[in-house]
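K.L.:
Structure file data-v3.tsv, TSV, C-alpha atoms and all ligand atoms, is pasted below:
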```
chain	number	residue	atom	x	y	z
A	91	MET	CA	-3.91	77.77	-34.78
A	92	GLY	CA	-1.17	80.20	-34.53
A	93	VAL	CA	-3.01	83.05	-36.18
A	94	ARG	CA	0.38	84.61	-36.70
A	95	ASP	CA	1.98	82.17	-39.03
A	96	GLY	CA	0.73	78.70	-39.07
A	97	PRO	CA	-1.82	76.03	-38.88
A	98	GLU	CA	-0.92	74.13	-35.77
A	99	SER	CA	-2.74	75.17	-32.70
A	100	ALA	CA	-0.11	76.45	-30.31
A	101	THR	CA	1.02	74.07	-27.58
A	102	SER	CA	-0.44	74.95	-24.23
A	103	SER	CA	1.86	75.26	-21.27
A	104	PHE	CA	-0.45	75.81	-18.30
A	105	ARG	CA	-2.45	72.70	-17.61
A	106	ASN	CA	-3.89	72.97	-14.09
A	107	TRP	CA	-7.57	72.39	-13.38
A	108	VAL	CA	-10.18	74.18	-11.34
A	109	THR	CA	-12.02	71.53	-9.35
A	110	PRO	CA	-14.91	71.70	-6.85
A	111	ASN	CA	-12.62	70.95	-3.87
A	112	GLY	CA	-9.28	72.22	-5.18
A	113	GLN	CA	-7.80	68.74	-5.71
A	114	PRO	CA	-5.63	68.36	-8.83
A	115	GLY	CA	-7.44	67.54	-12.09
A	116	SER	CA	-6.24	65.30	-14.94
A	117	THR	CA	-2.98	67.26	-15.26
A	118	GLY	CA	-1.00	69.82	-13.29
A	119	HIS	CA	-1.28	70.58	-9.59
A	120	GLY	CA	-4.09	71.40	-7.21
A	121	GLY	CA	-5.02	74.51	-5.27
A	122	PHE	CA	-7.56	75.87	-7.72
A	123	LYS	CA	-10.86	75.46	-5.92
A	124	ALA	CA	-14.06	76.55	-7.61
A	125	GLU	CA	-15.06	79.91	-6.15
A	126	ALA	CA	-17.41	82.53	-7.56
A	127	GLY	CA	-15.53	85.55	-8.86
A	128	ARG	CA	-12.07	84.01	-8.36
A	129	TYR	CA	-11.31	83.19	-12.01
A	130	HIS	CA	-11.36	85.20	-15.22
A	131	LEU	CA	-11.44	84.15	-18.86
A	132	TYR	CA	-9.42	85.99	-21.50
A	133	VAL	CA	-10.58	85.40	-25.09
A	134	ALA	CA	-10.47	86.63	-28.68
A	135	LEU	CA	-13.76	86.51	-30.56
A	136	ILE	CA	-11.93	85.68	-33.79
A	137	CYS	CA	-10.42	82.57	-32.23
A	138	PRO	CA	-12.31	79.30	-32.58
A	139	TRP	CA	-10.48	77.71	-29.63
A	140	ALA	CA	-11.31	80.61	-27.32
A	141	SER	CA	-14.89	80.62	-28.57
A	142	ARG	CA	-15.32	77.03	-27.43
A	143	THR	CA	-14.80	78.19	-23.86
A	144	LEU	CA	-17.10	81.20	-24.22
A	145	ILE	CA	-19.91	78.95	-25.39
A	146	ALA	CA	-19.38	76.51	-22.52
A	147	ARG	CA	-19.41	79.40	-20.05
A	148	LYS	CA	-22.82	80.45	-21.39
A	149	LEU	CA	-24.32	76.96	-21.56
A	150	LYS	CA	-23.18	76.14	-18.04
A	151	ARG	CA	-24.58	79.48	-16.84
A	152	LEU	CA	-21.29	80.60	-15.37
A	153	GLU	CA	-21.56	84.24	-16.48
A	154	ASP	CA	-21.89	85.56	-12.93
A	155	ALA	CA	-19.19	83.36	-11.46
A	156	LEU	CA	-16.63	83.82	-14.22
A	157	GLY	CA	-15.84	87.18	-15.85
A	158	VAL	CA	-14.56	87.61	-19.40
A	159	SER	CA	-12.27	90.06	-21.19
A	160	VAL	CA	-12.09	90.21	-24.98
A	161	VAL	CA	-8.95	91.29	-26.88
A	162	GLU	CA	-9.06	93.31	-30.09
A	163	PRO	CA	-9.54	91.25	-33.27
A	164	ALA	CA	-6.26	91.96	-35.06
A	165	LEU	CA	-3.17	90.20	-33.77
A	166	THR	CA	-0.43	92.86	-33.44
A	167	GLU	CA	3.35	92.53	-33.69
A	168	GLN	CA	3.24	92.08	-29.94
A	169	GLY	CA	0.36	89.63	-29.99
A	170	TRP	CA	-3.16	90.15	-28.65
A	171	ARG	CA	-3.95	93.62	-27.33
A	172	PHE	CA	-6.75	94.92	-25.12
A	173	GLY	CA	-8.40	98.10	-26.30
A	174	ASP	CA	-11.35	100.02	-27.60
A	175	PHE	CA	-12.25	98.23	-30.85
A	176	PRO	CA	-16.05	97.71	-30.65
A	177	GLY	CA	-16.77	94.50	-28.78
A	178	SER	CA	-13.31	94.44	-27.14
A	179	ASP	CA	-12.35	95.27	-23.58
A	180	ARG	CA	-9.65	96.94	-21.57
A	181	ASP	CA	-8.13	94.57	-19.03
A	182	THR	CA	-9.70	95.79	-15.81
A	183	ILE	CA	-8.43	92.77	-13.87
A	184	ASN	CA	-4.68	93.06	-14.47
A	185	ARG	CA	-4.46	96.37	-16.34
A	186	ALA	CA	-2.42	94.70	-19.05
A	187	VAL	CA	-2.23	96.25	-22.52
A	188	TYR	CA	-0.99	93.06	-24.19
A	189	LEU	CA	-1.93	89.50	-23.33
A	190	HIS	CA	1.75	88.51	-23.11
A	191	GLU	CA	1.99	90.58	-19.92
A	192	LEU	CA	-0.25	88.03	-18.22
A	193	TYR	CA	1.95	85.20	-19.37
A	194	THR	CA	5.08	86.81	-17.95
A	195	ARG	CA	3.24	87.68	-14.76
A	196	ALA	CA	2.36	84.00	-14.41
A	197	GLU	CA	5.77	82.74	-15.53
A	198	PRO	CA	8.50	85.41	-15.64
A	199	HIS	CA	10.67	83.36	-18.02
A	200	PHE	CA	7.84	82.46	-20.40
A	201	THR	CA	9.05	82.55	-23.98
A	202	GLY	CA	6.21	80.85	-25.89
A	203	ARG	CA	3.24	82.34	-27.70
A	204	ALA	CA	0.73	84.23	-25.62
A	205	THR	CA	-2.40	82.48	-26.83
A	206	VAL	CA	-6.08	82.73	-26.01
A	207	PRO	CA	-8.00	81.37	-24.24
A	208	VAL	CA	-6.48	81.97	-20.82
A	209	LEU	CA	-8.16	80.92	-17.60
A	210	TRP	CA	-6.72	83.28	-14.99
A	211	ASP	CA	-6.74	82.96	-11.21
A	212	LYS	CA	-7.17	86.38	-9.61
A	213	LYS	CA	-6.39	85.03	-6.14
A	214	THR	CA	-2.89	83.72	-6.85
A	215	GLY	CA	-2.26	85.93	-9.90
A	216	THR	CA	-1.48	83.14	-12.31
A	217	ILE	CA	-2.71	81.24	-15.35
A	218	VAL	CA	-4.58	78.09	-14.39
A	219	ASN	CA	-4.91	76.69	-17.88
A	220	ASN	CA	-4.48	77.89	-21.48
A	221	GLU	CA	-5.72	74.84	-23.36
A	222	SER	CA	-9.25	75.25	-24.66
A	223	ALA	CA	-9.99	71.51	-24.70
A	224	ASP	CA	-9.20	71.38	-20.96
A	225	ILE	CA	-11.04	74.61	-20.20
A	226	LEU	CA	-14.17	73.24	-21.90
A	227	ARG	CA	-14.13	70.31	-19.47
A	228	ILE	CA	-13.21	72.48	-16.49
A	229	LEU	CA	-16.26	74.63	-17.19
A	230	ASN	CA	-18.38	71.53	-17.62
A	231	SER	CA	-17.51	69.87	-14.33
A	232	GLY	CA	-14.87	71.81	-12.36
A	233	PHE	CA	-17.11	74.56	-11.05
A	234	GLY	CA	-19.43	72.21	-9.18
A	235	ALA	CA	-22.53	73.86	-7.76
A	236	LEU	CA	-21.63	77.25	-9.28
A	237	ALA	CA	-22.56	75.85	-12.70
A	238	ASP	CA	-25.81	74.52	-14.10
A	239	ASP	CA	-25.57	70.78	-13.54
A	240	THR	CA	-28.63	70.05	-15.67
A	241	VAL	CA	-26.35	70.71	-18.65
A	242	ASP	CA	-23.66	68.08	-19.22
A	243	LEU	CA	-21.43	68.68	-22.24
A	244	TYR	CA	-19.43	65.49	-21.72
A	245	PRO	CA	-21.87	62.89	-20.38
A	246	GLU	CA	-20.41	59.56	-19.32
A	247	LYS	CA	-22.53	57.50	-21.69
A	248	LEU	CA	-21.57	59.53	-24.76
A	249	ARG	CA	-17.87	59.95	-24.05
A	250	GLN	CA	-16.61	57.39	-26.52
A	251	ASP	CA	-18.67	58.89	-29.28
A	252	ILE	CA	-17.67	62.45	-28.37
A	253	ASP	CA	-13.97	61.55	-28.21
A	254	ALA	CA	-14.23	59.81	-31.58
A	255	TRP	CA	-15.81	62.89	-33.19
A	256	ASN	CA	-13.25	65.20	-31.62
A	257	GLU	CA	-10.42	63.04	-32.92
A	258	ARG	CA	-11.79	63.10	-36.45
A	259	ILE	CA	-13.00	66.67	-36.64
A	260	TYR	CA	-9.94	68.36	-35.14
A	261	PRO	CA	-7.29	67.30	-37.70
A	262	ALA	CA	-9.50	67.28	-40.78
A	263	LEU	CA	-11.63	70.31	-40.13
A	264	ASN	CA	-10.82	72.54	-37.13
A	265	ASN	CA	-7.14	72.50	-37.97
A	266	GLY	CA	-7.51	71.34	-41.58
A	267	VAL	CA	-8.74	74.76	-42.70
A	268	TYR	CA	-5.51	76.29	-41.38
A	269	ARG	CA	-3.36	73.64	-42.99
A	270	ALA	CA	-5.06	74.52	-46.28
A	271	GLY	CA	-4.83	78.28	-45.84
A	272	PHE	CA	-1.23	78.36	-44.64
A	273	ALA	CA	0.06	75.64	-46.99
A	274	THR	CA	3.26	76.53	-48.79
A	275	THR	CA	3.07	73.77	-51.40
A	276	GLN	CA	0.27	72.89	-53.80
A	277	GLU	CA	0.38	69.32	-52.58
A	278	ALA	CA	-0.04	70.20	-48.92
A	279	TYR	CA	-2.87	72.58	-49.78
A	280	GLU	CA	-4.72	69.96	-51.81
A	281	GLU	CA	-4.32	67.29	-49.15
A	282	ALA	CA	-5.76	69.60	-46.48
A	283	PHE	CA	-8.48	70.92	-48.80
A	284	HIS	CA	-9.74	67.42	-49.56
A	285	GLY	CA	-9.65	66.54	-45.88
A	286	VAL	CA	-11.82	69.55	-45.07
A	287	PHE	CA	-14.48	68.76	-47.65
A	288	ASP	CA	-14.48	64.99	-47.06
A	289	MET	CA	-15.18	65.68	-43.41
A	290	LEU	CA	-17.90	68.23	-44.20
A	291	GLU	CA	-19.59	65.64	-46.44
A	292	LYS	CA	-19.42	63.03	-43.67
A	293	VAL	CA	-20.87	65.37	-41.08
A	294	GLU	CA	-23.56	66.52	-43.54
A	295	ALA	CA	-24.66	62.90	-44.03
A	296	HIS	CA	-24.48	62.16	-40.31
A	297	LEU	CA	-26.59	65.16	-39.35
A	298	ALA	CA	-29.29	64.30	-41.86
A	299	ALA	CA	-30.73	61.93	-39.28
A	300	ARG	CA	-29.67	63.60	-36.02
A	301	LYS	CA	-30.06	66.85	-34.16
A	302	PHE	CA	-26.51	66.90	-32.79
A	303	LEU	CA	-23.32	64.93	-33.42
A	304	ALA	CA	-23.87	62.47	-30.58
A	305	GLY	CA	-27.67	62.28	-31.05
A	306	GLU	CA	-30.36	64.27	-29.30
A	307	GLN	CA	-28.12	66.03	-26.82
A	308	LEU	CA	-25.75	68.92	-27.48
A	309	THR	CA	-22.24	68.00	-26.33
A	310	GLU	CA	-18.75	69.49	-26.44
A	311	ALA	CA	-18.27	67.83	-29.85
A	312	ASP	CA	-20.95	70.19	-31.21
A	313	ILE	CA	-19.26	73.21	-29.68
A	314	ARG	CA	-16.00	72.17	-31.32
A	315	LEU	CA	-17.68	71.68	-34.70
A	316	PHE	CA	-19.78	74.84	-34.49
A	317	VAL	CA	-16.85	77.21	-33.98
A	318	THR	CA	-15.38	76.13	-37.32
A	319	LEU	CA	-18.69	76.10	-39.23
A	320	ILE	CA	-19.60	79.62	-38.13
A	321	ARG	CA	-16.27	81.00	-39.42
A	322	PHE	CA	-16.32	79.06	-42.65
A	323	ASP	CA	-18.28	81.14	-45.15
A	324	VAL	CA	-17.10	84.51	-43.85
A	325	ALA	CA	-13.40	83.73	-43.50
A	326	TYR	CA	-12.20	80.25	-44.41
A	327	HIS	CA	-13.91	80.04	-47.78
A	328	GLY	CA	-12.07	83.10	-49.09
A	329	LEU	CA	-8.97	83.70	-46.99
A	330	LEU	CA	-8.02	80.06	-46.39
A	331	LYS	CA	-8.90	78.95	-49.95
A	332	CYS	CA	-11.44	76.38	-48.69
A	333	ASN	CA	-13.72	77.22	-51.56
A	334	LEU	CA	-15.17	74.04	-53.00
A	335	LYS	CA	-18.45	74.84	-51.29
A	336	ARG	CA	-19.81	77.10	-48.58
A	337	ILE	CA	-21.61	75.82	-45.49
A	338	ALA	CA	-24.67	77.52	-47.01
A	339	ASP	CA	-24.48	74.91	-49.81
A	340	TYR	CA	-24.99	72.02	-47.37
A	341	PRO	CA	-28.62	71.84	-46.25
A	342	CYS	CA	-28.06	69.74	-43.12
A	343	LEU	CA	-25.02	71.69	-41.96
A	344	THR	CA	-26.92	74.92	-42.50
A	345	ALA	CA	-29.89	73.67	-40.49
A	346	TYR	CA	-27.48	72.48	-37.78
A	347	LEU	CA	-25.70	75.85	-37.71
A	348	HIS	CA	-29.03	77.58	-37.13
A	349	ARG	CA	-30.03	75.01	-34.52
A	350	MET	CA	-26.80	75.79	-32.66
A	351	LEU	CA	-27.31	79.55	-33.01
A	352	ASP	CA	-30.79	79.16	-31.57
A	353	VAL	CA	-29.49	77.51	-28.40
A	354	PRO	CA	-29.82	80.27	-25.79
A	355	GLY	CA	-26.44	81.92	-25.22
A	356	VAL	CA	-24.65	80.68	-28.33
A	357	ARG	CA	-25.50	83.57	-30.66
A	358	GLU	CA	-24.07	86.08	-28.18
A	359	THR	CA	-20.63	84.48	-28.45
A	360	VAL	CA	-20.42	85.11	-32.20
A	361	ASN	CA	-19.10	88.42	-33.52
A	362	ILE	CA	-18.84	88.33	-37.30
A	363	ASN	CA	-17.10	91.70	-37.42
A	364	HIS	CA	-14.31	90.44	-35.14
A	365	ILE	CA	-14.04	87.24	-37.16
A	366	LYS	CA	-13.70	89.05	-40.48
A	367	ARG	CA	-11.41	91.78	-39.18
A	368	GLY	CA	-9.27	89.30	-37.33
A	369	TYR	CA	-8.72	86.80	-40.10
A	370	TYR	CA	-8.29	89.35	-42.85
A	371	SER	CA	-5.65	91.17	-40.79
A	372	ILE	CA	-3.32	88.15	-41.01
A	373	LYS	CA	-0.50	89.77	-42.96
A	374	ALA	CA	0.99	86.52	-44.24
A	375	LEU	CA	-2.26	85.78	-46.08
A	376	ASN	CA	-3.58	89.26	-46.82
A	377	PRO	CA	-0.73	91.79	-46.90
A	378	ASN	CA	-2.87	94.86	-47.58
A	379	GLY	CA	-5.44	94.03	-44.94
A	380	ILE	CA	-8.45	94.63	-47.18
A	381	VAL	CA	-11.55	93.18	-45.51
A	382	PRO	CA	-14.08	91.85	-48.03
A	383	LEU	CA	-17.58	93.28	-47.84
A	384	GLY	CA	-19.36	89.99	-48.50
A	385	PRO	CA	-20.74	87.50	-48.16
A	386	GLU	CA	-24.30	88.67	-47.64
A	387	LEU	CA	-25.52	87.25	-44.36
A	388	HIS	CA	-29.01	86.05	-43.67
A	389	GLY	CA	-31.15	85.25	-40.69
A	390	ALA	CA	-29.46	84.88	-37.34
A	391	LEU	CA	-26.12	86.12	-38.63
A	392	ALA	CA	-27.20	89.31	-40.36
B	401	LIG	N1	-3.93	74.99	-27.83
B	401	LIG	C1	-4.55	76.23	-27.75
B	401	LIG	C2	-4.39	76.99	-29.03
B	401	LIG	C3	-4.94	78.34	-28.96
B	401	LIG	C4	-4.45	79.22	-30.10
B	401	LIG	O1	-3.70	78.77	-30.97
B	401	LIG	N2	-4.90	80.48	-30.10
B	401	LIG	C5	-4.48	81.44	-31.13
B	401	LIG	C6	-5.67	82.22	-31.64
B	401	LIG	S1	-6.88	81.29	-32.50
B	401	LIG	C7	-3.58	82.47	-30.50
B	401	LIG	O2	-3.87	82.99	-29.44
B	401	LIG	N3	-2.49	82.83	-31.19
B	401	LIG	C8	-1.60	83.88	-30.73
B	401	LIG	C9	-0.36	83.96	-31.56
B	401	LIG	O3	-0.26	83.23	-32.55
B	401	LIG	O4	0.50	84.77	-31.21
B	401	LIG	C10	-6.01	76.02	-27.40
B	401	LIG	O5	-6.73	75.29	-28.12
B	401	LIG	O6	-6.42	76.57	-26.42
```
Show this structure as structure tokens.

P.N.:
Amino acid sequence: MGVRDGPESATSSFRNWVTPNGQPGSTGHGGFKAEAGRYHLYVALICPWASRTLIARKLKRLEDALGVSVVEPALTEQGWRFGDFPGSDRDTINRAVYLHELYTRAEPHFTGRATVPVLWDKKTGTIVNNESADILRILNSGFGALADDTVDLYPEKLRQDIDAWNERIYPALNNGVYRAGFATTQEAYEEAFHGVFDMLEKVEAHLAARKFLAGEQLTEADIRLFVTLIRFDVAYHGLLKCNLKRIADYPCLTAYLHRMLDVPGVRETVNINHIKRGYYSIKALNPNGIVPLGPELHGALA
């Protein structure tokens, strides 16, 4: 998404890969060898794309090898800011106040949006990659022996299935909620709205007979679905006008959400206060910045 003003997730301009031996990955150039403590992840807890990478970092047990800094939840006029909002950090790595400082440090003539997530290389002082879909896969296989190789989020035998889910879920759901919320015509809103709920119905039916999207094993497709589901009732239902139903009204999606939250490490990546504050501070959608008190949260989320 561009939280600032629109539905499309911002185009990513740094596409290098960390690999076990420093060879180039699928895109970009080489030189980014997996080393403990060399890289740093910059995220916003409001952001579903950044949250994908935080979850992968936990599941691959990379916490010690890869540090994290969290920006404050509300996007400012100057973009993401580091600071003292509870659950946010100061940037102790680069001493930046705004995330855009890292982008211009990496690329002095950078003029695009300074988006999260950012995978930063402390050794060469640059951005390795700022595309969450890539970073998910870098964390899965680029860190070699530094990561837990008993966990594979993109296993060979499930790749076709995972890719197919990603291709369906991204436009209809992950990005569909933004297309609905930021629509400027009734027609565009309705098209996106129907896409969101058609996809939720499909996934609800699919999960009735399965633990995870691709079967018994949690994969990156689940991470990509989860980050949208967890934001749905607290932000998308109200702010983005995706209000036909709540996730709480779908029994299988609700059970799945709790199954995901129960996976060790996942719950710690979710900060409902950041999510609510962040979304409801989007001026274009909520000019007075009032943050709703509800909904009442139960169980793992309360
Ligand atoms: N393609 C990027 C998109 C990331 C993105 O759009 N992030 C939003 C937050 S959810 C952002 O940082 N926006 C900053 C801005 O709009 O200025 C990815 O998936 O990594």

K.L.:
Hey, which of A:Ile365, A:Leu192, A:Ile380, A:Ala204 ends up closest to Glu162 in chain A? Count all atoms listed in the file.

P.N.:
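Among the listed residues, A:Ile365 lies closest to Glu162 in chain A.
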
K.L.:
Looking at A:Gly266, A:Gly157, A:Gly112, A:Pro207, which one is nearest to Ala140 in chain A, with distances taken over all atoms listed in the file?

P.N.:
A:Pro207

K.L.:
Would you kindly return, as a count of residues only, each protein, DNA or RNA residue with an atom no farther than 9 Å from any atom of range 114-122 of chain A, considering only C-alpha atoms and excluding same-chain residues fewer than 2 positions away?

P.N.:
15

K.L.:
Taking all atoms listed in the file into account, name the residue in A:Ser222, A:Thr344, A:Ser159, A:Asn378 that is nearest to Gly177 in chain A.

P.N.:
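Closest candidate: A:Ser159.
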
K.L.:
What does the distance from CA of Phe283 in chain A to CA of Gly271 in chain A come to in Å, to one decimal?

P.N.:
8.7 Å

K.L.:
What's the 10 Å shell around Asn256 in chain A, counting all atoms listed in the file, without same-chain residues fewer than 5 positions away, as a PyMOL selection string?

P.N.:
chain A and resi 223+250-251+261+264+310-312+314-315

K.L.:
In Å, how far is it from CA of Arg195 in chain A to CA of Thr216 in chain A?

P.N.:
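Those two atoms sit 7.0 Å apart.
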
K.L.:
Please determine, counting only C-alpha atoms, which residue among A:Leu209, A:Leu391, A:Cys137, A:Tyr370 has the shortest atom-to-atom distance to Glu358 in chain A.

P.N.:
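Ranked by minimum distance to Glu358 in chain A, first place goes to A:Leu391.
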
K.L.:
Determine the nearest neighbour of ligand LIG 401 (chain B) from the options A:Ile252, A:Ile320, A:Ala146, A:Ile372, counting only C-alpha atoms and all ligand atoms.

P.N.:
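Using only C-alpha atoms and all ligand atoms, ligand LIG 401 (chain B) sits closest to A:Ile372.
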
K.L.:
Using only C-alpha atoms for the distances, tell me which of A:Glu281, A:Glu153, A:Glu246, A:Asp174 is nearest to Phe233 in chain A.

P.N.:
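Of A:Glu281, A:Glu153, A:Glu246, A:Asp174, the one nearest Phe233 in chain A, counting only C-alpha atoms, is A:Glu153.
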
K.L.:
Box along x, y and z, 3 Å on every side, all listed atoms of ligand LIG 401 (chain B) inside: centre and edge lengths in Å to one decimal, as lines of an AutoDock Vina configuration file.

P.N.:
```
center_x = -3.2
center_y = 79.9
center_z = -29.5
size_x = 13.4
size_y = 15.8
size_z = 12.1
```

K.L.:
Quick one: distance from CA of Met350 in chain A to CA of Phe316 in chain A in Å, one decimal?

P.N.:
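Atom-to-atom, CA of Met350 in chain A to CA of Phe316 in chain A, that is 7.3 Å.
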
K.L.:
If we count all atoms listed in the file and set the cut-off at 7 Å, which residues sit around Lys366 in chain A, ignoring sequence neighbours fewer than 4 positions away in its own chain? Please answer as a list in words.

P.N.:
Val324, Ala325, Ile362, Tyr370 and Val381 of chain A

K.L.:
Could the residues in this selection be written to a file with C-alpha atoms, as a JSON list (two decimals), keeping the file's coordinate frame?

P.N.:
```
[["chain", "number", "residue", "atom", "x", "y", "z"],
["A", 324, "VAL", "CA", -17.10, 84.51, -43.85],
["A", 325, "ALA", "CA", -13.40, 83.73, -43.50],
["A", 362, "ILE", "CA", -18.84, 88.33, -37.30],
["A", 370, "TYR", "CA", -8.29, 89.35, -42.85],
["A", 381, "VAL", "CA", -11.55, 93.18, -45.51]]
```

K.L.:
Residues at most 12 Å from Thr194 in chain A, counting all atoms listed in the file, excluding those fewer than 4 positions away in the same chain, as an NGL selection string?

P.N.:
:A and (186 or 188-190 or 198-204 or 215-217)

K.L.:
As a ChimeraX atom specification, please: the residues near Leu319 in chain A (cut-off 12 Å, only C-alpha atoms, same-chain neighbours under 3 positions excluded).

P.N.:
/A:138,259,263-264,267,286-287,289-290,293-294,312-316,322-327,332,336-338,340,342-348,350-351,360

K.L.:
Can you sort out range 299-306 of chain A so it carries all heavy atoms, written as a PDB file, in the coordinates of the input?

P.N.:
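Result saved to rebuild.pdb:
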```pdb
ATOM      1  N   ALA A 299     -29.808  62.711 -40.103  1.00  0.00           N
ATOM      2  CA  ALA A 299     -30.730  61.930 -39.280  1.00  0.00           C
ATOM      3  C   ALA A 299     -30.613  62.255 -37.795  1.00  0.00           C
ATOM      4  O   ALA A 299     -31.153  61.546 -36.958  1.00  0.00           O
ATOM      5  CB  ALA A 299     -30.437  60.440 -39.489  1.00  0.00           C
ATOM      6  N   ARG A 300     -29.878  63.296 -37.438  1.00  0.00           N
ATOM      7  CA  ARG A 300     -29.670  63.600 -36.020  1.00  0.00           C
ATOM      8  C   ARG A 300     -29.701  65.094 -35.767  1.00  0.00           C
ATOM      9  O   ARG A 300     -29.352  65.879 -36.629  1.00  0.00           O
ATOM     10  CB  ARG A 300     -28.292  63.112 -35.561  1.00  0.00           C
ATOM     11  CG  ARG A 300     -28.220  61.646 -35.305  1.00  0.00           C
ATOM     12  CD  ARG A 300     -26.778  61.194 -35.220  1.00  0.00           C
ATOM     13  NE  ARG A 300     -26.692  59.770 -35.497  1.00  0.00           N
ATOM     14  CZ  ARG A 300     -26.616  59.262 -36.718  1.00  0.00           C
ATOM     15  NH1 ARG A 300     -26.618  60.046 -37.777  1.00  0.00           N
ATOM     16  NH2 ARG A 300     -26.569  57.957 -36.886  1.00  0.00           N
ATOM     17  N   LYS A 301     -30.063  65.437 -34.546  1.00  0.00           N
ATOM     18  CA  LYS A 301     -30.060  66.850 -34.160  1.00  0.00           C
ATOM     19  C   LYS A 301     -28.640  67.342 -33.896  1.00  0.00           C
ATOM     20  O   LYS A 301     -28.245  68.411 -34.316  1.00  0.00           O
ATOM     21  CB  LYS A 301     -30.846  66.989 -32.839  1.00  0.00           C
ATOM     22  CG  LYS A 301     -32.054  67.877 -32.953  1.00  0.00           C
ATOM     23  CD  LYS A 301     -32.870  67.800 -31.682  1.00  0.00           C
ATOM     24  CE  LYS A 301     -32.922  69.170 -31.058  1.00  0.00           C
ATOM     25  NZ  LYS A 301     -33.782  69.229 -29.882  1.00  0.00           N
ATOM     26  N   PHE A 302     -27.883  66.526 -33.164  1.00  0.00           N
ATOM     27  CA  PHE A 302     -26.510  66.900 -32.790  1.00  0.00           C
ATOM     28  C   PHE A 302     -25.577  65.733 -33.103  1.00  0.00           C
ATOM     29  O   PHE A 302     -26.035  64.628 -33.401  1.00  0.00           O
ATOM     30  CB  PHE A 302     -26.448  67.275 -31.303  1.00  0.00           C
ATOM     31  CG  PHE A 302     -27.282  68.480 -30.972  1.00  0.00           C
ATOM     32  CD1 PHE A 302     -28.466  68.345 -30.245  1.00  0.00           C
ATOM     33  CD2 PHE A 302     -26.909  69.747 -31.398  1.00  0.00           C
ATOM     34  CE1 PHE A 302     -29.252  69.454 -29.952  1.00  0.00           C
ATOM     35  CE2 PHE A 302     -27.688  70.864 -31.113  1.00  0.00           C
ATOM     36  CZ  PHE A 302     -28.866  70.718 -30.392  1.00  0.00           C
ATOM     37  N   LEU A 303     -24.276  65.967 -33.009  1.00  0.00           N
ATOM     38  CA  LEU A 303     -23.320  64.930 -33.420  1.00  0.00           C
ATOM     39  C   LEU A 303     -23.518  63.615 -32.670  1.00  0.00           C
ATOM     40  O   LEU A 303     -23.468  62.536 -33.260  1.00  0.00           O
ATOM     41  CB  LEU A 303     -21.877  65.423 -33.208  1.00  0.00           C
ATOM     42  CG  LEU A 303     -21.332  66.361 -34.276  1.00  0.00           C
ATOM     43  CD1 LEU A 303     -19.967  66.906 -33.858  1.00  0.00           C
ATOM     44  CD2 LEU A 303     -21.217  65.655 -35.631  1.00  0.00           C
ATOM     45  N   ALA A 304     -23.745  63.700 -31.360  1.00  0.00           N
ATOM     46  CA  ALA A 304     -23.870  62.470 -30.580  1.00  0.00           C
ATOM     47  C   ALA A 304     -25.339  62.077 -30.377  1.00  0.00           C
ATOM     48  O   ALA A 304     -25.655  61.267 -29.516  1.00  0.00           O
ATOM     49  CB  ALA A 304     -23.160  62.629 -29.246  1.00  0.00           C
ATOM     50  N   GLY A 305     -26.246  62.663 -31.141  1.00  0.00           N
ATOM     51  CA  GLY A 305     -27.670  62.280 -31.050  1.00  0.00           C
ATOM     52  C   GLY A 305     -28.540  63.459 -30.688  1.00  0.00           C
ATOM     53  O   GLY A 305     -28.460  64.524 -31.285  1.00  0.00           O
ATOM     54  N   GLU A 306     -29.364  63.260 -29.664  1.00  0.00           N
ATOM     55  CA  GLU A 306     -30.360  64.270 -29.300  1.00  0.00           C
ATOM     56  C   GLU A 306     -29.790  65.386 -28.436  1.00  0.00           C
ATOM     57  O   GLU A 306     -30.367  66.463 -28.324  1.00  0.00           O
ATOM     58  CB  GLU A 306     -31.506  63.603 -28.526  1.00  0.00           C
ATOM     59  CG  GLU A 306     -32.487  62.858 -29.407  1.00  0.00           C
ATOM     60  CD  GLU A 306     -33.111  63.780 -30.459  1.00  0.00           C
ATOM     61  OE1 GLU A 306     -33.814  64.726 -30.082  1.00  0.00           O
ATOM     62  OE2 GLU A 306     -32.870  63.542 -31.659  1.00  0.00           O
TER      63      GLU A 306
END
```
